[in-house]
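What follows is input-v1.cif (mmCIF, C-alpha atoms).
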data_work
#
loop_
_atom_site.label_atom_id
_atom_site.label_comp_id
_atom_site.auth_asym_id
_atom_site.auth_seq_id
_atom_site.Cartn_x
_atom_site.Cartn_y
_atom_site.Cartn_z
CA MET A 1 -13.98 -23.18 -20.49
CA THR A 2 -16.42 -23.38 -17.59
CA ARG A 3 -16.00 -21.44 -14.35
CA ASP A 4 -15.20 -24.71 -12.53
CA GLU A 5 -12.45 -25.50 -15.04
CA VAL A 6 -11.00 -22.01 -14.58
CA SER A 7 -11.14 -22.51 -10.83
CA VAL A 8 -9.18 -25.78 -10.99
CA LYS A 9 -6.53 -24.18 -13.20
CA ILE A 10 -6.25 -21.15 -10.90
CA VAL A 11 -5.50 -23.45 -7.95
CA SER A 12 -2.79 -25.09 -10.05
CA VAL A 13 -1.30 -21.65 -10.86
CA PHE A 14 -1.26 -20.76 -7.15
CA GLN A 15 0.53 -24.03 -6.36
CA LYS A 16 3.18 -23.32 -9.01
CA VAL A 17 3.73 -19.68 -7.96
CA PHE A 18 3.92 -20.57 -4.27
CA ASN A 19 5.96 -23.67 -5.10
CA ASN A 20 3.67 -25.82 -2.96
CA ASN A 21 1.70 -28.69 -4.51
CA GLU A 22 -0.24 -29.16 -1.29
CA LEU A 23 -1.47 -25.56 -1.17
CA ILE A 24 -5.24 -25.38 -0.65
CA ILE A 25 -7.02 -22.37 -2.15
CA ALA A 26 -10.66 -21.44 -1.59
CA GLU A 27 -12.67 -18.76 -3.39
CA GLU A 28 -13.06 -16.63 -0.28
CA TYR A 29 -9.32 -16.64 0.43
CA THR A 30 -7.52 -13.30 0.61
CA ALA A 31 -3.87 -12.41 1.14
CA SER A 32 -4.19 -12.95 4.88
CA ASP A 33 -5.19 -16.61 4.31
CA VAL A 34 -2.12 -17.55 2.28
CA GLU A 35 1.34 -17.34 3.82
CA GLY A 36 3.69 -15.26 1.66
CA TRP A 37 1.04 -13.71 -0.61
CA ASP A 38 2.66 -10.29 -0.59
CA SER A 39 2.80 -7.61 -3.31
CA ILE A 40 5.80 -9.23 -4.99
CA THR A 41 4.15 -12.66 -5.18
CA HIS A 42 0.93 -11.00 -6.30
CA LEU A 43 2.60 -9.64 -9.43
CA ASP A 44 4.11 -13.10 -10.11
CA LEU A 45 0.66 -14.61 -9.68
CA ILE A 46 -1.01 -12.17 -12.08
CA VAL A 47 1.68 -12.77 -14.72
CA ALA A 48 1.31 -16.56 -14.29
CA VAL A 49 -2.49 -16.32 -14.66
CA GLU A 50 -2.04 -14.25 -17.84
CA HIS A 51 0.24 -16.90 -19.31
CA GLU A 52 -1.95 -19.83 -18.24
CA PHE A 53 -5.10 -18.40 -19.84
CA SER A 54 -3.48 -16.30 -22.63
CA ILE A 55 -5.18 -13.14 -21.40
CA GLU A 56 -4.05 -9.64 -20.41
CA ILE A 57 -4.79 -8.29 -16.95
CA ASN A 58 -4.27 -4.59 -16.30
CA GLY A 59 -3.74 -2.63 -13.11
CA PHE A 60 -7.37 -1.54 -12.91
CA ASP A 61 -8.46 -5.19 -13.13
CA VAL A 62 -6.10 -5.96 -10.23
CA MET A 63 -7.48 -3.12 -8.11
CA GLY A 64 -10.94 -4.71 -8.45
CA LEU A 65 -9.87 -8.00 -6.85
CA GLN A 66 -10.70 -8.69 -3.23
CA ASN A 67 -10.32 -12.47 -3.10
CA VAL A 68 -9.60 -15.59 -5.16
CA GLY A 69 -13.22 -15.76 -6.34
CA ASP A 70 -12.87 -12.30 -7.89
CA LEU A 71 -9.77 -13.48 -9.76
CA ILE A 72 -11.69 -16.50 -11.13
CA ASP A 73 -14.56 -14.22 -12.23
CA LEU A 74 -12.07 -11.86 -13.90
CA VAL A 75 -10.47 -14.71 -15.86
CA VAL A 76 -13.88 -16.01 -16.94
CA ARG A 77 -14.85 -12.51 -18.16
CA LYS A 78 -11.55 -12.12 -20.05
CA ILE A 79 -11.85 -15.53 -21.73
CA GLU A 80 -15.42 -14.82 -22.78
CA GLY A 81 -14.03 -11.58 -24.19
CA MET B 1 -4.64 31.02 12.45
CA SER B 2 -6.89 28.01 11.83
CA ILE B 3 -6.27 24.38 10.94
CA GLU B 4 -9.04 22.49 9.16
CA VAL B 5 -8.87 18.78 8.34
CA ARG B 6 -10.95 17.41 5.46
CA LYS B 7 -11.15 14.44 3.10
CA ALA B 8 -9.16 14.88 -0.10
CA THR B 9 -10.81 15.77 -3.40
CA GLU B 10 -9.57 15.24 -6.96
CA GLN B 11 -8.29 18.83 -6.89
CA ASP B 12 -5.73 17.70 -4.27
CA ILE B 13 -4.07 15.08 -6.48
CA TYR B 14 -0.86 17.00 -7.20
CA PHE B 15 -0.56 18.08 -3.57
CA ILE B 16 -1.00 14.44 -2.44
CA ALA B 17 1.62 13.28 -4.96
CA SER B 18 4.07 15.81 -3.51
CA ILE B 19 3.23 14.60 0.03
CA ILE B 20 3.83 10.93 -0.93
CA LEU B 21 7.28 11.83 -2.24
CA LEU B 22 8.03 14.21 0.66
CA ALA B 23 7.17 11.43 3.13
CA GLU B 24 9.89 9.34 1.46
CA SER B 25 12.51 12.07 1.70
CA THR B 26 13.69 11.89 5.30
CA GLY B 27 16.84 10.05 4.23
CA TYR B 28 16.14 7.04 6.46
CA GLU B 29 14.19 4.99 3.89
CA LEU B 30 15.77 1.81 2.56
CA THR B 31 13.01 1.53 -0.05
CA THR B 32 11.45 4.47 -1.89
CA TYR B 33 9.69 4.83 -5.23
CA ALA B 34 12.72 6.75 -6.51
CA LYS B 35 14.98 3.81 -5.61
CA MET B 36 12.51 1.23 -6.95
CA PHE B 37 12.28 2.92 -10.33
CA ASN B 38 15.84 4.31 -10.38
CA THR B 39 14.73 7.90 -10.87
CA THR B 40 14.28 11.15 -8.94
CA ASN B 41 11.34 12.57 -7.01
CA ASP B 42 11.19 15.49 -9.46
CA GLU B 43 10.70 13.06 -12.34
CA LEU B 44 8.25 10.99 -10.33
CA LEU B 45 5.89 13.81 -9.32
CA SER B 46 3.68 13.80 -12.42
CA VAL B 47 3.88 9.98 -12.63
CA VAL B 48 2.69 9.56 -9.05
CA ALA B 49 -0.05 12.16 -9.61
CA LYS B 50 -1.27 10.15 -12.60
CA MET B 51 -1.05 6.90 -10.64
CA ILE B 52 -3.21 8.08 -7.73
CA THR B 53 -5.90 9.34 -10.13
CA ASN B 54 -7.77 6.05 -9.89
CA ASP B 55 -11.15 5.33 -8.37
CA SER B 56 -10.06 2.67 -5.91
CA ASP B 57 -9.84 3.10 -2.15
CA GLY B 58 -8.23 1.38 0.81
CA HIS B 59 -4.52 1.84 0.01
CA PRO B 60 -2.01 4.72 -0.19
CA LEU B 61 -1.84 4.90 -4.01
CA CYS B 62 -5.28 6.42 -4.56
CA TRP B 63 -6.35 9.99 -3.73
CA ARG B 64 -9.53 8.83 -1.96
CA SER B 65 -7.61 7.47 1.04
CA TYR B 66 -6.11 10.88 1.92
CA PHE B 67 -6.99 13.50 4.50
CA ILE B 68 -5.72 17.05 4.03
CA ALA B 69 -4.84 19.56 6.75
CA CYS B 70 -5.31 23.16 5.63
CA TYR B 71 -3.59 25.99 7.48
CA ASP B 72 -5.57 29.18 7.03
CA GLY B 73 -7.23 27.52 4.06
CA VAL B 74 -4.01 26.41 2.36
CA PRO B 75 -3.07 22.68 2.12
CA ALA B 76 -0.18 22.21 4.54
CA GLY B 77 -0.04 18.48 5.26
CA ALA B 78 -1.67 15.17 4.44
CA LEU B 79 -1.74 11.51 5.27
CA SER B 80 -3.23 8.32 3.90
CA ALA B 81 -5.75 6.54 6.16
CA TYR B 82 -7.61 3.32 5.43
CA VAL B 83 -8.78 0.20 7.19
CA GLU B 84 -6.69 -2.80 6.15
CA GLY B 85 -8.72 -5.43 4.30
CA GLU B 86 -11.84 -3.28 3.98
CA MET B 87 -11.41 -2.89 0.20
CA GLY B 88 -9.07 -5.86 -0.25
CA ASP B 89 -5.42 -6.36 0.65
CA SER B 90 -3.79 -2.92 0.50
CA ASN B 91 -0.48 -4.25 -0.84
CA HIS B 92 -2.30 -6.02 -3.68
CA LEU B 93 -4.27 -2.87 -4.46
CA MET B 94 -0.99 -0.94 -4.58
CA THR B 95 0.39 -3.54 -7.00
CA GLY B 96 -2.63 -2.83 -9.21
CA ALA B 97 -2.00 0.92 -9.05
CA LEU B 98 1.66 0.41 -9.97
CA MET B 99 0.64 -1.91 -12.84
CA SER B 100 -1.69 0.78 -14.17
CA THR B 101 1.21 3.23 -14.41
CA PHE B 102 4.49 1.43 -15.05
CA SER B 103 5.48 -1.07 -17.74
CA ARG B 104 5.91 -4.73 -16.84
CA GLU B 105 9.66 -4.41 -17.38
CA GLN B 106 9.86 -1.40 -15.03
CA LEU B 107 7.77 -3.26 -12.45
CA LYS B 108 9.88 -6.39 -12.71
CA THR B 109 13.03 -4.38 -11.94
CA ALA B 110 11.27 -2.45 -9.15
CA PHE B 111 9.96 -5.60 -7.49
CA GLN B 112 13.35 -7.29 -7.76
CA PHE B 113 14.69 -4.33 -5.77
CA LEU B 114 11.82 -4.65 -3.25
CA ALA B 115 12.50 -8.37 -2.88
CA LEU B 116 15.94 -7.51 -1.45
CA TYR B 117 14.11 -5.99 1.50
CA LYS B 118 11.47 -8.68 1.94
CA ASP B 119 12.91 -9.39 5.40
CA ILE B 120 11.64 -6.06 6.74
CA GLN B 121 8.07 -6.40 5.48
CA LEU B 122 5.61 -6.07 8.33
CA LYS B 123 2.12 -7.50 8.11
CA LYS B 124 -0.70 -4.95 8.34
CA ASN B 125 -3.44 -6.21 10.61
CA ASN B 126 -6.91 -6.65 9.11
CA GLY B 127 -9.57 -4.29 10.44
CA VAL B 128 -6.96 -1.88 11.81
CA LEU B 129 -6.62 1.75 10.67
CA GLN B 130 -3.42 2.17 8.67
CA ILE B 131 -1.70 5.56 8.75
CA ASP B 132 0.71 6.01 5.85
CA CYS B 133 2.49 8.62 3.68
CA VAL B 134 2.46 11.30 6.37
CA ALA B 135 4.09 14.67 5.69
CA THR B 136 3.77 18.36 6.43
CA LEU B 137 5.23 21.03 4.16
CA GLU B 138 8.39 22.50 5.67
CA ASN B 139 6.88 26.03 5.90
CA TYR B 140 4.17 24.68 8.23
CA SER B 141 6.36 22.49 10.41
CA GLY B 142 5.95 23.07 14.16
CA LYS B 143 2.58 24.81 13.79
CA GLY B 144 0.36 21.97 14.99
CA VAL B 145 -0.61 20.72 11.53
CA PHE B 146 0.44 17.10 12.08
CA GLY B 147 -1.22 16.86 15.51
CA ALA B 148 -4.49 18.26 14.19
CA LEU B 149 -4.39 15.94 11.17
CA LEU B 150 -3.65 12.75 13.08
CA GLY B 151 -6.13 13.60 15.83
CA ALA B 152 -8.94 14.27 13.37
CA VAL B 153 -8.28 11.06 11.45
CA GLU B 154 -8.14 8.95 14.61
CA ARG B 155 -11.45 10.45 15.80
CA HIS B 156 -13.05 9.92 12.36
CA TYR B 157 -12.25 6.19 12.37
CA SER B 158 -12.92 5.72 16.07
CA GLU B 159 -16.45 7.06 15.51
CA LYS B 160 -16.82 4.46 12.73
CA GLY B 161 -16.02 1.72 15.27
CA ILE B 162 -12.37 1.09 14.43
CA LYS B 163 -10.52 0.10 17.60
CA GLN B 164 -6.84 0.38 16.68
CA ALA B 165 -4.49 2.39 14.48
CA GLU B 166 -1.10 1.33 13.10
CA ILE B 167 1.86 3.05 11.52
CA GLN B 168 5.13 1.69 10.16
CA VAL B 169 8.24 3.73 10.92
CA TRP B 170 11.82 3.32 9.72
CA LEU B 171 14.00 2.19 12.63
CA LYS B 172 16.55 4.98 12.04
CA ASN B 173 13.87 7.66 12.05
CA LYS B 174 14.08 8.42 15.77
CA HIS B 175 12.17 11.67 15.32
CA ALA B 176 9.12 9.90 13.83
CA PHE B 177 9.31 7.20 16.50
CA ALA B 178 9.33 9.85 19.28
CA VAL B 179 6.44 11.75 17.70
CA TYR B 180 4.20 8.67 17.46
CA GLU B 181 5.22 7.46 20.91
CA ASN B 182 4.16 10.87 22.19
CA LYS B 183 0.78 10.37 20.46
CA GLY B 184 0.25 7.07 22.30
CA TYR B 185 1.59 4.56 19.75
CA LYS B 186 3.56 1.56 21.05
CA ILE B 187 5.94 -0.83 19.26
CA ILE B 188 4.32 -4.20 18.51
CA ALA B 189 6.80 -5.58 15.96
CA GLU B 190 10.26 -4.84 14.63
CA ARG B 191 12.31 -6.08 11.65
CA ILE B 192 16.03 -5.42 11.18
CA SER B 193 17.33 -5.31 7.63
CA GLN B 194 19.99 -7.81 6.56
CA HIS B 195 21.40 -5.04 4.37
CA ASP B 196 21.65 -2.45 7.15
CA GLN B 197 21.82 -3.84 10.67
CA GLU B 198 21.04 -0.39 12.10
CA ASN B 199 17.88 0.09 10.06
CA GLY B 200 14.64 -1.72 9.43
CA LYS B 201 11.00 -1.17 10.22
CA ILE B 202 8.95 -0.75 13.38
CA LEU B 203 5.23 -1.39 13.56
CA MET B 204 3.56 0.91 16.12
CA GLN B 205 -0.01 0.53 17.26
CA LYS B 206 -2.47 2.56 19.33
CA GLU B 207 -5.86 1.77 20.89
CA LEU B 208 -8.34 4.36 19.62
#

Output the structure of this file as structure tokens.
Amino acid sequence: MTRDEVSVKIVSVFQKVFNNNELIIAEEYTASDVEGWDSITHLDLIVAVEHEFSIEINGFDVMGLQNVGDLIDLVVRKIEG
Amino acid sequence: MSIEVRKATEQDIYFIASIILLAESTGYELTTYAKMFNTTNDELLSVVAKMITNDSDGHPLCWRSYFIACYDGVPAGALSAYVEGEMGDSNHLMTGALMSTFSREQLKTAFQFLALYKDIQLKKNNGVLQIDCVATLENYSGKGVFGALLGAVERHYSEKGIKQAEIQVWLKNKHAFAVYENKGYKIIAERISQHDQENGKILMQKEL
């Protein structure tokens, strides 16, 4: 899977978790750019990403994320194994 | 008598863990780690110590964000200080720290509990110094430890160009409110809990 394909799927995961099909997500987005992206939703998001890509994300991975682009990079790294 | 304020080191991890739990022991908190994980502070001490032994920064669940006040060379108080957004969203970083320590099942239950109090969540402002997990050991209370600690931290960040500091206080904790008001902090937001109409959270801010 290419990085672009991962990116498209990540946007779809965000839309499902936030229950908003219109939600626009950019790589530079952080929690302050997305209404309701609190710690509770963050855990839901991580679990949904794990399921979508059949990967495991640990707490140390999560502490290395600063924005959506970092999450895409993490998924790419995990898929490439 | 002398009070010295310094950045925390790895040797302070157990002391910081005890401060985190002490800061949640005033009796006014609607949400605490003990309530989230249905356990006691005694049982949590070693767990919290393990949790904050990570190399991240910019949130209250890592030792690097702490400043220690020593009274005659002995750790007497501490607080967490970080600039919101500097290392990422602090709440998300805390989620990572919790994930590194607790099982998914434990976290799911804990976050379901937290979700009951979503109405009192206050947004931390990006670029603003966040003061969190503040406590002084009882033996050193009233000896100027807190004032020295807060003053030193505010000066440290002011010299780095940070313009404002924020702290969140439980609405019922009138003592904490009075202390921060006395230090120049003013209320900028308030949330009342649906579960306890007399309690909630206050966000106080100060120009540095």

Shortest interatomic distance to chain A - which of B:Thr109, B:Ser18, B:Asn126, B:Gln168, counting all atoms listed in the file: B:Asn126

Please find the residues of chain A near chain B - the criterion being any atom within 9 Å, counting only C-alpha atoms - and write them as a ChimeraX atom specification. /A:30-32,37-40,42-43,58-67

Atomic distance atom CA of Asp196 of chain B - atom CA of Asn38 of chain B, expressed in Å with one decimal: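 A separation of 19.7 Å between them.
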
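If you measure from each of A:Gly69, A:Val49, A:Asp4, A:Phe14 to Ala26 of chain A using only C-alpha atoms, the closest one turns out to be A:Gly69.
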
So how far away is atom CA of Glu159 of chain B from atom CA of Ile16 of chain B, in Å? 24.8 Å

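From atom CA of Asn19 of chain A back to atom CA of Val34 of chain A, the distance works out to 12.5 Å.
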
Written as a list of chain:residue names, which residues does the PyMOL selection byres ((chain B and resi 197-201) around 7) give for the file shown?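 Output of the PyMOL selection byres ((chain B and resi 197-201) around 7): B:Ile120, B:Gln168, B:Val169, B:Trp170, B:Leu171, B:Lys172, B:Glu190, B:Arg191, B:Ile192, B:Ser193, B:Gln194, B:His195, B:Asp196, B:Ile202, B:Leu203.
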
For a quick check of understanding, using all atoms listed in the file, which of A:Ile72, A:Ile55, A:Leu45, A:Ile25 has the smallest distance to Ser7 of chain A? A:Ile72

Which polymer residues, whether protein, DNA or RNA, lie within 12 Å of the coordinate (7.6, 10.6, -5.9) when you count all atoms listed in the file? List them as a PDB file with C-alpha atoms, in the coordinates of the input, using the chain letters and numbers from the file.
ATOM      1  CA  TYR B  14      -0.860  17.000  -7.200  1.00  0.00           C
ATOM      2  CA  PHE B  15      -0.560  18.080  -3.570  1.00  0.00           C
ATOM      3  CA  ILE B  16      -1.000  14.440  -2.440  1.00  0.00           C
ATOM      4  CA  ALA B  17       1.620  13.280  -4.960  1.00  0.00           C
ATOM      5  CA  SER B  18       4.070  15.810  -3.510  1.00  0.00           C
ATOM      6  CA  ILE B  19       3.230  14.600   0.030  1.00  0.00           C
ATOM      7  CA  ILE B  20       3.830  10.930  -0.930  1.00  0.00           C
ATOM      8  CA  LEU B  21       7.280  11.830  -2.240  1.00  0.00           C
ATOM      9  CA  LEU B  22       8.030  14.210   0.660  1.00  0.00           C
ATOM     10  CA  ALA B  23       7.170  11.430   3.130  1.00  0.00           C
ATOM     11  CA  GLU B  24       9.890   9.340   1.460  1.00  0.00           C
ATOM     12  CA  SER B  25      12.510  12.070   1.700  1.00  0.00           C
ATOM     13  CA  THR B  32      11.450   4.470  -1.890  1.00  0.00           C
ATOM     14  CA  TYR B  33       9.690   4.830  -5.230  1.00  0.00           C
ATOM     15  CA  ALA B  34      12.720   6.750  -6.510  1.00  0.00           C
ATOM     16  CA  LYS B  35      14.980   3.810  -5.610  1.00  0.00           C
ATOM     17  CA  MET B  36      12.510   1.230  -6.950  1.00  0.00           C
ATOM     18  CA  PHE B  37      12.280   2.920 -10.330  1.00  0.00           C
ATOM     19  CA  ASN B  38      15.840   4.310 -10.380  1.00  0.00           C
ATOM     20  CA  THR B  39      14.730   7.900 -10.870  1.00  0.00           C
ATOM     21  CA  THR B  40      14.280  11.150  -8.940  1.00  0.00           C
ATOM     22  CA  ASN B  41      11.340  12.570  -7.010  1.00  0.00           C
ATOM     23  CA  ASP B  42      11.190  15.490  -9.460  1.00  0.00           C
ATOM     24  CA  GLU B  43      10.700  13.060 -12.340  1.00  0.00           C
ATOM     25  CA  LEU B  44       8.250  10.990 -10.330  1.00  0.00           C
ATOM     26  CA  LEU B  45       5.890  13.810  -9.320  1.00  0.00           C
ATOM     27  CA  SER B  46       3.680  13.800 -12.420  1.00  0.00           C
ATOM     28  CA  VAL B  47       3.880   9.980 -12.630  1.00  0.00           C
ATOM     29  CA  VAL B  48       2.690   9.560  -9.050  1.00  0.00           C
ATOM     30  CA  ALA B  49      -0.050  12.160  -9.610  1.00  0.00           C
ATOM     31  CA  LYS B  50      -1.270  10.150 -12.600  1.00  0.00           C
ATOM     32  CA  MET B  51      -1.050   6.900 -10.640  1.00  0.00           C
ATOM     33  CA  ILE B  52      -3.210   8.080  -7.730  1.00  0.00           C
ATOM     34  CA  LEU B  61      -1.840   4.900  -4.010  1.00  0.00           C
ATOM     35  CA  CYS B 133       2.490   8.620   3.680  1.00  0.00           C
TER      36      CYS B 133
END

Write out as a PyMOL selection string the residues lying within 6 Å of Ala81 of chain B, counting all atoms listed in the file and excluding same-chain residues fewer than 3 positions away. chain B and resi 65+130-131

Exercise: Ala48 of chain A partners within 7 Å, all atoms listed in the file, chain neighbours under 4 positions left out, as an MDAnalysis selection string: chainID A and resid 13 44 52

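Closest to Ile24 of chain A among A:Met1, A:Val68, A:Ser54, A:Val6 is A:Val68, based on all atoms listed in the file.
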
Taking (3.4, -20.3, -1.7) as a centre in this file's frame and 10 Å as the limit, can you find every polymer residue with an atom that close, using all atoms listed in the file, and give them as a list in words? Phe14, Gln15, Lys16, Val17, Phe18, Asn19, Asn20, Asn21, Glu22, Leu23, Val34, Glu35, Gly36, Trp37 and Thr41 of chain A

Expanded to explicit residues, what is the PyMOL selection byres ((chain B and resi 142-157) around 9) for this file, as a PyMOL selection string? chain B and resi 3-6+67-71+76-79+81-83+129+131+134-136+138-141+158-165+183+208

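Minimum atom-to-atom distance to Glu80 of chain A, evaluated using all atoms listed in the file, belongs to A:Thr2 out of A:Val11, A:His51, A:Glu28, A:Thr2.
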
Return segment 38-53 of chain A, completed with N, CA and C atoms, as a PDB file, keeping the file's coordinate frame.
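The result, stored in part-v3.pdb:
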ATOM      1  N   ASP A  38       2.384 -11.716  -0.706  1.00  0.00           N
ATOM      2  CA  ASP A  38       2.660 -10.290  -0.590  1.00  0.00           C
ATOM      3  C   ASP A  38       2.566  -9.628  -1.971  1.00  0.00           C
ATOM      4  N   SER A  39       2.941  -8.346  -2.040  1.00  0.00           N
ATOM      5  CA  SER A  39       2.800  -7.610  -3.310  1.00  0.00           C
ATOM      6  C   SER A  39       3.691  -8.193  -4.399  1.00  0.00           C
ATOM      7  N   ILE A  40       4.862  -8.670  -4.006  1.00  0.00           N
ATOM      8  CA  ILE A  40       5.800  -9.230  -4.990  1.00  0.00           C
ATOM      9  C   ILE A  40       5.220 -10.511  -5.582  1.00  0.00           C
ATOM     10  N   THR A  41       4.745 -11.401  -4.710  1.00  0.00           N
ATOM     11  CA  THR A  41       4.150 -12.660  -5.180  1.00  0.00           C
ATOM     12  C   THR A  41       2.879 -12.392  -5.968  1.00  0.00           C
ATOM     13  N   HIS A  42       2.179 -11.322  -5.607  1.00  0.00           N
ATOM     14  CA  HIS A  42       0.930 -11.000  -6.300  1.00  0.00           C
ATOM     15  C   HIS A  42       1.190 -10.703  -7.772  1.00  0.00           C
ATOM     16  N   LEU A  43       2.259  -9.951  -8.033  1.00  0.00           N
ATOM     17  CA  LEU A  43       2.600  -9.640  -9.430  1.00  0.00           C
ATOM     18  C   LEU A  43       2.968 -10.940 -10.167  1.00  0.00           C
ATOM     19  N   ASP A  44       3.754 -11.801  -9.507  1.00  0.00           N
ATOM     20  CA  ASP A  44       4.110 -13.100 -10.110  1.00  0.00           C
ATOM     21  C   ASP A  44       2.853 -13.898 -10.436  1.00  0.00           C
ATOM     22  N   LEU A  45       1.906 -13.857  -9.510  1.00  0.00           N
ATOM     23  CA  LEU A  45       0.660 -14.610  -9.680  1.00  0.00           C
ATOM     24  C   LEU A  45      -0.139 -14.091 -10.884  1.00  0.00           C
ATOM     25  N   ILE A  46      -0.245 -12.769 -10.968  1.00  0.00           N
ATOM     26  CA  ILE A  46      -1.010 -12.170 -12.080  1.00  0.00           C
ATOM     27  C   ILE A  46      -0.370 -12.531 -13.420  1.00  0.00           C
ATOM     28  N   VAL A  47       0.965 -12.437 -13.476  1.00  0.00           N
ATOM     29  CA  VAL A  47       1.680 -12.770 -14.720  1.00  0.00           C
ATOM     30  C   VAL A  47       1.469 -14.247 -15.070  1.00  0.00           C
ATOM     31  N   ALA A  48       1.511 -15.118 -14.052  1.00  0.00           N
ATOM     32  CA  ALA A  48       1.310 -16.560 -14.290  1.00  0.00           C
ATOM     33  C   ALA A  48      -0.111 -16.848 -14.773  1.00  0.00           C
ATOM     34  N   VAL A  49      -1.086 -16.138 -14.230  1.00  0.00           N
ATOM     35  CA  VAL A  49      -2.490 -16.320 -14.660  1.00  0.00           C
ATOM     36  C   VAL A  49      -2.637 -15.861 -16.116  1.00  0.00           C
ATOM     37  N   GLU A  50      -1.992 -14.744 -16.446  1.00  0.00           N
ATOM     38  CA  GLU A  50      -2.040 -14.250 -17.840  1.00  0.00           C
ATOM     39  C   GLU A  50      -1.504 -15.311 -18.809  1.00  0.00           C
ATOM     40  N   HIS A  51      -0.373 -15.886 -18.446  1.00  0.00           N
ATOM     41  CA  HIS A  51       0.240 -16.900 -19.310  1.00  0.00           C
ATOM     42  C   HIS A  51      -0.631 -18.149 -19.404  1.00  0.00           C
ATOM     43  N   GLU A  52      -1.158 -18.588 -18.281  1.00  0.00           N
ATOM     44  CA  GLU A  52      -1.950 -19.830 -18.240  1.00  0.00           C
ATOM     45  C   GLU A  52      -3.185 -19.725 -19.138  1.00  0.00           C
ATOM     46  N   PHE A  53      -3.823 -18.543 -19.120  1.00  0.00           N
ATOM     47  CA  PHE A  53      -5.100 -18.400 -19.840  1.00  0.00           C
ATOM     48  C   PHE A  53      -4.964 -17.555 -21.128  1.00  0.00           C
TER      49      PHE A  53
END
